[in-house]
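Have a look at final03.pdb; it's PDB, C-alpha atoms:
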```
ATOM      1  CA  MET A  47      -8.965  -2.924  38.662
ATOM      2  CA  THR A  48     -12.420  -2.156  37.343
ATOM      3  CA  LEU A  49     -14.711  -4.797  35.945
ATOM      4  CA  ALA A  50     -14.259  -3.604  32.377
ATOM      5  CA  THR A  51     -10.596  -2.759  31.987
ATOM      6  CA  THR A  52      -8.466  -5.854  32.515
ATOM      7  CA  ALA A  53      -7.816  -7.782  29.300
ATOM      8  CA  ARG A  54      -6.046 -11.038  28.592
ATOM      9  CA  THR A  55      -3.209 -11.134  26.106
ATOM     10  CA  GLY A  56      -3.382 -13.469  23.130
ATOM     11  CA  PRO A  57      -6.317 -14.423  20.925
ATOM     12  CA  ALA A  58      -9.739 -14.871  22.449
ATOM     13  CA  ALA A  59     -10.991 -18.393  22.984
ATOM     14  CA  PRO A  60     -14.223 -18.348  20.916
ATOM     15  CA  GLY A  61     -12.255 -19.390  17.824
ATOM     16  CA  ARG A  62     -11.033 -22.504  19.668
ATOM     17  CA  GLY A  63     -13.659 -25.128  20.388
ATOM     18  CA  LEU A  64     -14.129 -26.510  23.890
ATOM     19  CA  ASP A  65     -15.369 -29.957  22.865
ATOM     20  CA  ALA A  66     -12.071 -31.492  23.962
ATOM     21  CA  LEU A  67     -12.547 -29.968  27.416
ATOM     22  CA  PHE A  68     -16.138 -31.072  28.018
ATOM     23  CA  ALA A  69     -16.586 -34.112  25.746
ATOM     24  CA  PRO A  70     -13.149 -35.623  25.063
ATOM     25  CA  ARG A  71     -12.742 -38.976  23.355
ATOM     26  CA  ALA A  72      -9.925 -40.018  25.707
ATOM     27  CA  VAL A  73      -8.356 -38.521  28.827
ATOM     28  CA  ALA A  74      -5.164 -38.878  30.841
ATOM     29  CA  VAL A  75      -4.355 -37.893  34.418
ATOM     30  CA  VAL A  76      -0.698 -36.938  34.827
ATOM     31  CA  GLY A  77       0.309 -37.195  38.463
ATOM     32  CA  ALA A  78      -2.116 -40.019  39.265
ATOM     33  CA  SER A  79      -1.459 -41.293  42.779
ATOM     34  CA  ASP A  80      -2.418 -43.837  45.419
ATOM     35  CA  ASP A  81      -1.806 -41.185  48.106
ATOM     36  CA  GLN A  82      -5.232 -40.151  49.362
ATOM     37  CA  SER A  83      -3.891 -36.769  50.507
ATOM     38  CA  LYS A  84      -3.063 -35.685  46.942
ATOM     39  CA  TYR A  85      -5.211 -34.100  44.245
ATOM     40  CA  GLY A  86      -3.787 -36.613  41.772
ATOM     41  CA  ASN A  87      -5.529 -39.323  43.764
ATOM     42  CA  TRP A  88      -8.837 -37.504  44.093
ATOM     43  CA  ILE A  89      -8.982 -36.686  40.381
ATOM     44  CA  SER A  90      -7.991 -40.224  39.397
ATOM     45  CA  VAL A  91     -10.690 -41.776  41.574
ATOM     46  CA  GLN A  92     -13.301 -39.644  39.832
ATOM     47  CA  ALA A  93     -11.758 -40.262  36.397
ATOM     48  CA  LEU A  94     -12.080 -44.019  36.784
ATOM     49  CA  ARG A  95     -15.860 -43.581  37.115
ATOM     50  CA  MET A  96     -15.952 -42.945  33.359
ATOM     51  CA  SER A  97     -13.894 -45.924  32.219
ATOM     52  CA  GLY A  98     -16.987 -47.240  30.438
ATOM     53  CA  GLU A  99     -17.510 -43.910  28.640
ATOM     54  CA  ARG A 100     -14.023 -43.325  27.206
ATOM     55  CA  PRO A 101     -10.427 -44.504  27.653
ATOM     56  CA  VAL A 102      -8.887 -43.239  30.892
ATOM     57  CA  HIS A 103      -5.083 -43.348  31.195
ATOM     58  CA  LEU A 104      -3.259 -42.884  34.500
ATOM     59  CA  VAL A 105       0.278 -41.481  34.289
ATOM     60  CA  ASN A 106       2.804 -41.582  37.126
ATOM     61  CA  ARG A 107       6.547 -41.205  36.566
ATOM     62  CA  ARG A 108       7.191 -44.227  38.808
ATOM     63  CA  GLY A 109       4.864 -46.388  36.745
ATOM     64  CA  GLY A 110       1.996 -48.542  37.941
ATOM     65  CA  PRO A 111      -0.098 -49.852  39.309
ATOM     66  CA  VAL A 112      -2.102 -46.879  40.601
ATOM     67  CA  LEU A 113      -5.511 -47.479  42.189
ATOM     68  CA  GLY A 114      -5.227 -51.060  41.018
ATOM     69  CA  ARG A 115      -4.832 -50.002  37.396
ATOM     70  CA  PRO A 116      -1.699 -50.091  35.204
ATOM     71  CA  ALA A 117      -0.105 -46.653  34.970
ATOM     72  CA  TYR A 118       2.233 -45.256  32.323
ATOM     73  CA  ARG A 119       5.486 -43.473  33.139
ATOM     74  CA  SER A 120       4.819 -40.773  30.550
ATOM     75  CA  LEU A 121       2.207 -39.667  28.053
ATOM     76  CA  ALA A 122       4.519 -40.849  25.281
ATOM     77  CA  GLU A 123       3.800 -44.419  26.412
ATOM     78  CA  VAL A 124       0.010 -44.024  26.186
ATOM     79  CA  PRO A 125      -1.414 -45.907  23.186
ATOM     80  CA  GLY A 126      -3.661 -43.862  20.939
ATOM     81  CA  PRO A 127      -4.583 -40.158  21.005
ATOM     82  CA  VAL A 128      -5.548 -38.248  24.153
ATOM     83  CA  ASP A 129      -7.803 -35.189  23.771
ATOM     84  CA  LEU A 130      -7.785 -33.994  27.374
ATOM     85  CA  VAL A 131      -4.929 -34.117  29.879
ATOM     86  CA  VAL A 132      -5.302 -33.267  33.563
ATOM     87  CA  ILE A 133      -2.000 -32.292  35.197
ATOM     88  CA  ALA A 134      -1.547 -32.662  38.950
ATOM     89  CA  VAL A 135       2.220 -32.593  39.464
ATOM     90  CA  PRO A 136       4.456 -30.290  41.539
ATOM     91  CA  ALA A 137       4.897 -26.798  40.079
ATOM     92  CA  ALA A 138       8.518 -27.452  39.109
ATOM     93  CA  GLY A 139       7.376 -30.101  36.646
ATOM     94  CA  PHE A 140       4.277 -28.397  35.286
ATOM     95  CA  GLU A 141       5.801 -26.758  32.199
ATOM     96  CA  ALA A 142       7.378 -30.033  31.112
ATOM     97  CA  ALA A 143       4.058 -31.829  31.619
ATOM     98  CA  VAL A 144       2.276 -29.230  29.460
ATOM     99  CA  GLU A 145       4.834 -29.710  26.671
ATOM    100  CA  GLU A 146       4.401 -33.474  26.913
ATOM    101  CA  ALA A 147       0.609 -33.110  26.725
ATOM    102  CA  LEU A 148       0.825 -30.933  23.613
ATOM    103  CA  ALA A 149       3.281 -33.359  22.017
ATOM    104  CA  ALA A 150       0.764 -36.141  22.677
ATOM    105  CA  GLY A 151      -1.880 -34.196  20.745
ATOM    106  CA  ALA A 152      -3.951 -32.878  23.652
ATOM    107  CA  ARG A 153      -6.444 -30.184  22.631
ATOM    108  CA  ALA A 154      -7.368 -29.316  26.223
ATOM    109  CA  ILE A 155      -5.307 -29.211  29.418
ATOM    110  CA  VAL A 156      -6.620 -28.880  32.974
ATOM    111  CA  GLY A 157      -3.978 -27.529  35.339
ATOM    112  CA  ILE A 158      -4.591 -28.672  38.924
ATOM    113  CA  THR A 159      -1.049 -27.653  39.885
ATOM    114  CA  ALA A 160      -0.712 -24.531  42.058
ATOM    115  CA  GLY A 161       2.286 -22.250  42.525
ATOM    116  CA  PHE A 162       1.914 -19.711  39.724
ATOM    117  CA  GLY A 163       0.076 -16.385  39.454
ATOM    118  CA  GLU A 164      -1.289 -16.606  42.994
ATOM    119  CA  LEU A 165       2.289 -16.276  44.293
ATOM    120  CA  GLY A 166       3.189 -13.013  42.574
ATOM    121  CA  ALA A 167       4.810 -11.498  39.505
ATOM    122  CA  ASP A 168       7.201 -14.354  38.699
ATOM    123  CA  GLY A 169       4.377 -16.869  38.845
ATOM    124  CA  LYS A 170       2.198 -14.683  36.649
ATOM    125  CA  ALA A 171       4.959 -14.480  34.059
ATOM    126  CA  ARG A 172       5.374 -18.269  34.052
ATOM    127  CA  GLU A 173       1.684 -18.961  33.595
ATOM    128  CA  ALA A 174       1.364 -16.268  30.907
ATOM    129  CA  ALA A 175       4.162 -17.927  28.934
ATOM    130  CA  LEU A 176       2.479 -21.305  29.360
ATOM    131  CA  ALA A 177      -0.875 -19.974  28.193
ATOM    132  CA  GLU A 178       0.732 -18.470  25.096
ATOM    133  CA  ARG A 179       2.419 -21.789  24.335
ATOM    134  CA  VAL A 180      -0.919 -23.624  24.661
ATOM    135  CA  ARG A 181      -2.686 -21.108  22.413
ATOM    136  CA  ARG A 182       0.016 -21.395  19.739
ATOM    137  CA  ALA A 183      -0.608 -25.142  19.698
ATOM    138  CA  GLY A 184      -4.332 -24.558  19.143
ATOM    139  CA  ALA A 185      -5.254 -26.015  22.533
ATOM    140  CA  VAL A 186      -6.938 -24.564  25.619
ATOM    141  CA  LEU A 187      -5.844 -24.437  29.257
ATOM    142  CA  LEU A 188      -8.176 -24.414  32.267
ATOM    143  CA  GLY A 189      -6.344 -23.157  35.357
ATOM    144  CA  PRO A 190      -3.690 -23.631  36.606
ATOM    145  CA  ASN A 191      -4.466 -23.819  40.338
ATOM    146  CA  CYS A 192      -7.937 -25.216  39.668
ATOM    147  CA  LEU A 193      -9.963 -28.185  40.916
ATOM    148  CA  GLY A 194     -10.991 -29.730  37.633
ATOM    149  CA  VAL A 195     -13.896 -30.018  35.217
ATOM    150  CA  LEU A 196     -17.138 -32.002  35.016
ATOM    151  CA  ASP A 197     -19.833 -32.512  32.404
ATOM    152  CA  SER A 198     -22.668 -34.773  33.526
ATOM    153  CA  THR A 199     -24.207 -34.728  30.037
ATOM    154  CA  SER A 200     -21.114 -36.312  28.459
ATOM    155  CA  GLY A 201     -20.192 -38.461  31.464
ATOM    156  CA  LEU A 202     -17.013 -36.481  32.213
ATOM    157  CA  TYR A 203     -15.838 -36.662  35.833
ATOM    158  CA  LEU A 204     -12.535 -34.880  36.342
ATOM    159  CA  ALA A 205     -13.216 -32.789  39.434
ATOM    160  CA  SER A 206     -11.790 -33.448  42.872
ATOM    161  CA  ASN A 207     -15.230 -34.287  44.303
ATOM    162  CA  PRO A 208     -18.396 -35.897  42.918
ATOM    163  CA  LEU A 209     -21.228 -33.478  42.155
ATOM    164  CA  PRO A 210     -24.915 -34.223  41.473
ATOM    165  CA  ALA A 211     -26.241 -34.003  37.911
ATOM    166  CA  GLY A 212     -28.818 -31.405  36.902
ATOM    167  CA  PRO A 213     -29.478 -28.320  34.763
ATOM    168  CA  VAL A 214     -27.074 -25.811  36.386
ATOM    169  CA  GLY A 215     -23.765 -24.918  34.735
ATOM    170  CA  LEU A 216     -21.328 -23.742  37.421
ATOM    171  CA  ILE A 217     -18.198 -21.657  36.876
ATOM    172  CA  SER A 218     -16.270 -21.119  40.099
ATOM    173  CA  GLN A 219     -12.942 -19.945  41.460
ATOM    174  CA  SER A 220     -13.621 -21.707  44.756
ATOM    175  CA  GLY A 221     -13.909 -25.438  45.191
ATOM    176  CA  ASN A 222     -15.388 -24.995  48.663
ATOM    177  CA  MET A 223     -18.100 -22.746  47.245
ATOM    178  CA  ALA A 224     -18.925 -25.411  44.651
ATOM    179  CA  LEU A 225     -19.336 -28.015  47.378
ATOM    180  CA  GLU A 226     -21.475 -25.683  49.505
ATOM    181  CA  LEU A 227     -23.692 -24.791  46.556
ATOM    182  CA  SER A 228     -23.934 -28.479  45.674
ATOM    183  CA  ALA A 229     -25.368 -29.266  49.097
ATOM    184  CA  PHE A 230     -27.956 -26.492  48.806
ATOM    185  CA  LEU A 231     -28.948 -27.486  45.262
ATOM    186  CA  THR A 232     -29.307 -31.144  46.194
ATOM    187  CA  GLY A 233     -31.826 -30.149  48.838
ATOM    188  CA  ARG A 234     -33.795 -28.365  46.118
ATOM    189  CA  GLY A 235     -33.694 -31.265  43.668
ATOM    190  CA  LEU A 236     -31.091 -29.672  41.394
ATOM    191  CA  GLY A 237     -27.536 -30.409  40.298
ATOM    192  CA  PHE A 238     -24.888 -29.582  37.714
ATOM    193  CA  SER A 239     -24.773 -30.015  33.962
ATOM    194  CA  ARG A 240     -21.216 -28.686  33.956
ATOM    195  CA  PHE A 241     -18.648 -27.507  36.460
ATOM    196  CA  ALA A 242     -15.418 -25.727  35.593
ATOM    197  CA  SER A 243     -12.969 -24.529  38.223
ATOM    198  CA  LEU A 244     -11.448 -21.287  36.946
ATOM    199  CA  GLY A 245      -8.248 -21.254  38.972
ATOM    200  CA  ASN A 246      -5.911 -18.489  37.815
ATOM    201  CA  GLN A 247      -7.572 -18.013  34.380
ATOM    202  CA  ALA A 248      -4.224 -17.985  32.600
ATOM    203  CA  ASP A 249      -6.007 -18.907  29.369
ATOM    204  CA  LEU A 250      -9.730 -19.705  29.586
ATOM    205  CA  ASN A 251     -11.606 -17.148  31.645
ATOM    206  CA  ALA A 252     -15.142 -16.722  32.963
ATOM    207  CA  ALA A 253     -16.397 -15.141  29.728
ATOM    208  CA  ASP A 254     -15.142 -18.048  27.615
ATOM    209  CA  LEU A 255     -16.971 -20.527  29.802
ATOM    210  CA  VAL A 256     -20.194 -18.513  29.974
ATOM    211  CA  ARG A 257     -20.260 -18.528  26.163
ATOM    212  CA  ALA A 258     -19.688 -22.279  26.077
ATOM    213  CA  TYR A 259     -22.439 -22.896  28.633
ATOM    214  CA  ALA A 260     -24.866 -20.651  26.761
ATOM    215  CA  ALA A 261     -24.419 -22.848  23.682
ATOM    216  CA  HIS A 262     -24.721 -26.118  25.647
ATOM    217  CA  ASP A 263     -28.089 -27.837  25.308
ATOM    218  CA  GLY A 264     -27.806 -29.536  28.702
ATOM    219  CA  THR A 265     -27.354 -26.270  30.604
ATOM    220  CA  GLU A 266     -30.479 -24.290  31.513
ATOM    221  CA  LEU A 267     -29.061 -21.955  34.168
ATOM    222  CA  ILE A 268     -25.572 -20.505  34.638
ATOM    223  CA  ALA A 269     -24.097 -19.915  38.088
ATOM    224  CA  VAL A 270     -20.838 -17.974  38.449
ATOM    225  CA  TYR A 271     -18.623 -17.462  41.473
ATOM    226  CA  CYS A 272     -15.825 -15.103  40.518
ATOM    227  CA  GLU A 273     -13.002 -13.429  42.420
ATOM    228  CA  ASP A 274     -11.383 -11.906  39.336
ATOM    229  CA  PHE A 275     -13.298 -11.277  36.121
ATOM    230  CA  GLY A 276     -10.243 -11.204  33.872
ATOM    231  CA  ASP A 277     -11.585  -9.448  30.775
ATOM    232  CA  GLY A 278     -14.554  -7.654  32.312
ATOM    233  CA  ARG A 279     -16.022  -6.341  29.071
ATOM    234  CA  ALA A 280     -15.966  -9.838  27.621
ATOM    235  CA  PHE A 281     -17.693 -11.225  30.721
ATOM    236  CA  VAL A 282     -20.501  -8.660  30.514
ATOM    237  CA  ALA A 283     -20.966  -9.343  26.791
ATOM    238  CA  ALA A 284     -20.981 -13.114  27.309
ATOM    239  CA  ALA A 285     -23.426 -12.925  30.212
ATOM    240  CA  SER A 286     -25.717 -10.594  28.277
ATOM    241  CA  GLY A 287     -25.683 -13.028  25.360
ATOM    242  CA  ALA A 288     -26.547 -15.962  27.617
ATOM    243  CA  VAL A 289     -29.456 -14.077  29.176
ATOM    244  CA  ALA A 290     -30.717 -13.083  25.728
ATOM    245  CA  ALA A 291     -30.576 -16.770  24.742
ATOM    246  CA  GLY A 292     -32.899 -17.632  27.618
ATOM    247  CA  LYS A 293     -30.258 -18.891  30.041
ATOM    248  CA  PRO A 294     -30.297 -16.823  33.252
ATOM    249  CA  VAL A 295     -26.922 -15.962  34.785
ATOM    250  CA  VAL A 296     -26.607 -15.747  38.583
ATOM    251  CA  LEU A 297     -23.425 -14.189  39.964
ATOM    252  CA  LEU A 298     -21.819 -14.456  43.393
ATOM    253  CA  THR A 299     -18.660 -12.467  44.073
ATOM    254  CA  VAL A 300     -16.483 -11.924  47.126
ATOM    255  CA  GLY A 301     -17.633  -9.259  49.539
ATOM    256  CA  SER A 302     -16.348  -5.719  49.459
ATOM    257  CA  SER A 303     -14.613  -5.855  52.851
ATOM    258  CA  ALA A 304     -10.839  -5.602  53.052
ATOM    259  CA  ALA A 305     -10.697  -9.094  54.601
ATOM    260  CA  SER A 306     -12.617 -10.721  51.765
ATOM    261  CA  VAL A 307     -10.467  -9.010  49.142
ATOM    262  CA  ARG A 308      -7.301 -10.205  50.916
ATOM    263  CA  GLY A 309      -8.747 -13.721  51.007
ATOM    264  CA  ALA A 310      -9.474 -13.726  47.283
ATOM    265  CA  LYS A 311      -6.006 -12.422  46.454
ATOM    266  CA  SER A 312      -4.327 -15.118  48.535
ATOM    267  CA  HIS A 313      -6.511 -17.784  46.915
ATOM    268  CA  THR A 314      -5.944 -17.080  43.227
ATOM    269  CA  GLY A 315      -3.853 -13.943  43.000
ATOM    270  CA  ALA A 316      -7.072 -12.165  42.033
ATOM    271  CA  LEU A 317      -7.791  -8.472  42.093
ATOM    272  CA  THR A 318     -11.458  -7.986  42.914
ATOM    273  CA  SER A 319     -13.653  -5.308  41.421
ATOM    274  CA  ASP A 320     -15.547  -2.558  43.213
ATOM    275  CA  THR A 321     -19.048  -3.603  44.286
ATOM    276  CA  SER A 322     -20.741  -0.635  42.647
ATOM    277  CA  VAL A 323     -19.033  -1.408  39.339
ATOM    278  CA  ILE A 324     -20.147  -5.030  39.505
ATOM    279  CA  ASP A 325     -23.728  -4.002  40.354
ATOM    280  CA  ALA A 326     -23.884  -1.626  37.391
ATOM    281  CA  ALA A 327     -22.446  -4.229  35.027
ATOM    282  CA  CYS A 328     -24.930  -6.839  36.245
ATOM    283  CA  ARG A 329     -27.849  -4.501  35.649
ATOM    284  CA  ALA A 330     -26.621  -3.750  32.143
ATOM    285  CA  ALA A 331     -26.195  -7.447  31.301
ATOM    286  CA  GLY A 332     -29.390  -8.672  32.960
ATOM    287  CA  VAL A 333     -27.393 -10.754  35.456
ATOM    288  CA  ASP A 334     -28.864 -11.560  38.869
ATOM    289  CA  ARG A 335     -26.360 -10.878  41.656
ATOM    290  CA  VAL A 336     -26.595 -12.737  44.971
ATOM    291  CA  HIS A 337     -24.604 -12.573  48.184
ATOM    292  CA  SER A 338     -24.334 -16.160  49.458
ATOM    293  CA  PRO A 339     -24.404 -19.753  48.158
ATOM    294  CA  ARG A 340     -27.771 -20.288  49.878
ATOM    295  CA  GLU A 341     -29.243 -17.244  48.164
ATOM    296  CA  MET A 342     -27.802 -18.457  44.868
ATOM    297  CA  ALA A 343     -29.418 -21.879  45.308
ATOM    298  CA  ASP A 344     -32.776 -20.306  46.200
ATOM    299  CA  LEU A 345     -32.728 -18.096  43.121
ATOM    300  CA  LEU A 346     -31.610 -20.900  40.805
ATOM    301  CA  ALA A 347     -34.423 -23.094  42.122
ATOM    302  CA  ALA A 348     -36.967 -20.319  41.548
ATOM    303  CA  LEU A 349     -35.654 -19.624  38.045
ATOM    304  CA  HIS A 350     -35.760 -23.315  37.217
ATOM    305  CA  ARG A 351     -39.332 -23.642  38.411
ATOM    306  CA  TYR A 352     -40.853 -20.380  37.230
ATOM    307  CA  GLY A 353     -38.440 -19.016  34.611
ATOM    308  CA  PRO A 354     -36.963 -15.512  34.559
ATOM    309  CA  ALA A 355     -39.148 -12.504  35.272
ATOM    310  CA  PRO A 356     -40.459 -10.715  32.165
ATOM    311  CA  ALA A 357     -38.287  -7.834  30.967
ATOM    312  CA  ARG A 358     -39.646  -4.437  31.896
TER     313      ARG A 358
END
```
Could you show the structure in this file as structure tokens?
Amino acid sequence: MTLATTARTGPAAPGRGLDALFAPRAVAVVGASDDQSKYGNWISVQALRMSGERPVHLVNRRGGPVLGRPAYRSLAEVPGPVDLVVIAVPAAGFEAAVEEALAAGARAIVGITAGFGELGADGKAREAALAERVRRAGAVLLGPNCLGVLDSTSGLYLASNPLPAGPVGLISQSGNMALELSAFLTGRGLGFSRFASLGNQADLNAADLVRAYAAHDGTELIAVYCEDFGDGRAFVAAASGAVAAGKPVVLLTVGSSAASVRGAKSHTGALTSDTSVIDAACRAAGVDRVHSPREMADLLAALHRYGPAPAR
């Protein structure tokens, strides 16, 4: 794969707003759990931080209570509309949970569930069909196989770990990288305006999120960790537009070694691009490329303090 030749099927996301993803009126966590070893527990713990901001509904097929709160057996039992649904159930039940979310009126779905495109061709076919179903309903899907979403400007906490607030919008295919970058940024007095975990990019991809961040008043800098660019041309165009709008884009990718490429493929089913192609695309778009989370944090801190260098 080259950076500029892999395209997603279906309509592009710019025509579908992402307000329901980053500033929903009400949210539900399907697969909420008391089991501290499960993502459904981690996400629910964070979700309950925003109970004062918006209604938060916990859904578990066994019913409640979960984390000391009443839980519903299905989304059909939830009173009132739900804009955003986070799904953290076993892969065998994911399609049914997506259908239930759409039937409940969800305009955005976050798929924590793994077991799709990262496993091979059959998984890719399943997630492609799901993404098409979501698009037909006029909704958006983040993931699957992702770690959640956060928007500190709207008080949205639906990621597996807490992250500090600040001016940096992060788009990442690695939860561990997000945590590592978070530690470095905290030491430099910075944090996140938004965080979106890309996962398998069955629907929303890096370009879609860069565009959304570029239009977000609370985001001053955009940090991207990507193992698979999806639609490479769209990513370059989106990044170029963000830079032109005064929002620097800093990119970290996997290394070019065979081991790092194997690691990325096992993580998300990604096919990584050639380093020289990425370098050329970054130069064309005005994107700053770095090689480690520490280097990314250093550059973001410098850009925040001094602004981008004048164009030559």
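Relative to atom CA of A:Ala269, atom CA of A:Pro190 is found at 20.8 Å.
Considering only C-alpha atoms, the residue among A:Ala117, A:Ala224, A:Ala290, A:Ile158 positioned nearest to A:Gly86 is A:Ile158.
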Expansion of the PyMOL selection byres ((chain A and resi 78-83) around 12) into residues, as a PyMOL selection string: chain A and resi 74-77+84-94+102-120+131-136+158+204+206
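Picture a line from atom CA of A:Ala150 to atom CA of A:Gly184; it runs 13.1 Å.
Nearest residue to A:Ser200 among A:Phe281, A:Gly161, A:Ser239, A:Ala348 is A:Ser239, counting all atoms listed in the file.
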Find the spatial neighbours of A:Phe162, counting only C-alpha atoms, within a cut-off of 7 Å - ignore same-chain residues fewer than 6 positions away - and output them as a PyMOL selection string. chain A and resi 169-170+172-173
Could you write those residues out with C-alpha atoms, as an mmCIF file, in the frame of the given file?
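Written out: result.cif:
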```
data_model
loop_
_atom_site.group_PDB
_atom_site.id
_atom_site.type_symbol
_atom_site.label_atom_id
_atom_site.label_comp_id
_atom_site.auth_asym_id
_atom_site.auth_seq_id
_atom_site.Cartn_x
_atom_site.Cartn_y
_atom_site.Cartn_z
ATOM 1 C CA GLY A 169 4.377 -16.869 38.845
ATOM 2 C CA LYS A 170 2.198 -14.683 36.649
ATOM 3 C CA ARG A 172 5.374 -18.269 34.052
ATOM 4 C CA GLU A 173 1.684 -18.961 33.595
#
```
Expand the PyMOL selection byres ((chain A and resi 174) around 12) into the individual residues it matches in the shown file, reporting them as a PyMOL selection string. chain A and resi 54-56+141+162-163+167-173+175-181+187+189-190+246-250
Selection: 10 Å around stretch 65-67 of chain A, all atoms listed in the file, excl. self and same-chain fewer than 2 positions, as a PyMOL selection string: chain A and resi 62-63+69-73+128-131+152-156+185-188+195-197+202+242+258
Writer output for current selection, C-alpha atoms, as a short mmCIF file (atom, residue, chain, number, x, y, z; two decimals), in the frame of the given file:
```cif
data_model
loop_
_atom_site.label_atom_id
_atom_site.label_comp_id
_atom_site.auth_asym_id
_atom_site.auth_seq_id
_atom_site.Cartn_x
_atom_site.Cartn_y
_atom_site.Cartn_z
CA ARG A 62 -11.03 -22.50 19.67
CA GLY A 63 -13.66 -25.13 20.39
CA ALA A 69 -16.59 -34.11 25.75
CA PRO A 70 -13.15 -35.62 25.06
CA ARG A 71 -12.74 -38.98 23.36
CA ALA A 72 -9.93 -40.02 25.71
CA VAL A 73 -8.36 -38.52 28.83
CA VAL A 128 -5.55 -38.25 24.15
CA ASP A 129 -7.80 -35.19 23.77
CA LEU A 130 -7.78 -33.99 27.37
CA VAL A 131 -4.93 -34.12 29.88
CA ALA A 152 -3.95 -32.88 23.65
CA ARG A 153 -6.44 -30.18 22.63
CA ALA A 154 -7.37 -29.32 26.22
CA ILE A 155 -5.31 -29.21 29.42
CA VAL A 156 -6.62 -28.88 32.97
CA ALA A 185 -5.25 -26.02 22.53
CA VAL A 186 -6.94 -24.56 25.62
CA LEU A 187 -5.84 -24.44 29.26
CA LEU A 188 -8.18 -24.41 32.27
CA VAL A 195 -13.90 -30.02 35.22
CA LEU A 196 -17.14 -32.00 35.02
CA ASP A 197 -19.83 -32.51 32.40
CA LEU A 202 -17.01 -36.48 32.21
CA ALA A 242 -15.42 -25.73 35.59
CA ALA A 258 -19.69 -22.28 26.08
#
```
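For the pair atom CA of A:Arg351 and atom CA of A:Thr265, the separation is 14.5 Å.
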Using all atoms listed in the file, which of A:Val270, A:Phe238, A:Tyr352, A:Ala284 sits nearest A:Ala330? A:Ala284
What residues have an atom no more than 8 Å from (-19.7, -32.8, 45.1) in the file's own frame, counting only C-alpha atoms, and can you write them as a PDB file with C-alpha atoms, in the frame of the given file?
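Contents of point-v7.pdb, freshly written:
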```pdb
ATOM      1  CA  ASN A 207     -15.230 -34.287  44.303  1.00  0.00           C
ATOM      2  CA  PRO A 208     -18.396 -35.897  42.918  1.00  0.00           C
ATOM      3  CA  LEU A 209     -21.228 -33.478  42.155  1.00  0.00           C
ATOM      4  CA  PRO A 210     -24.915 -34.223  41.473  1.00  0.00           C
ATOM      5  CA  ALA A 224     -18.925 -25.411  44.651  1.00  0.00           C
ATOM      6  CA  LEU A 225     -19.336 -28.015  47.378  1.00  0.00           C
ATOM      7  CA  SER A 228     -23.934 -28.479  45.674  1.00  0.00           C
ATOM      8  CA  ALA A 229     -25.368 -29.266  49.097  1.00  0.00           C
TER       9      ALA A 229
END
```
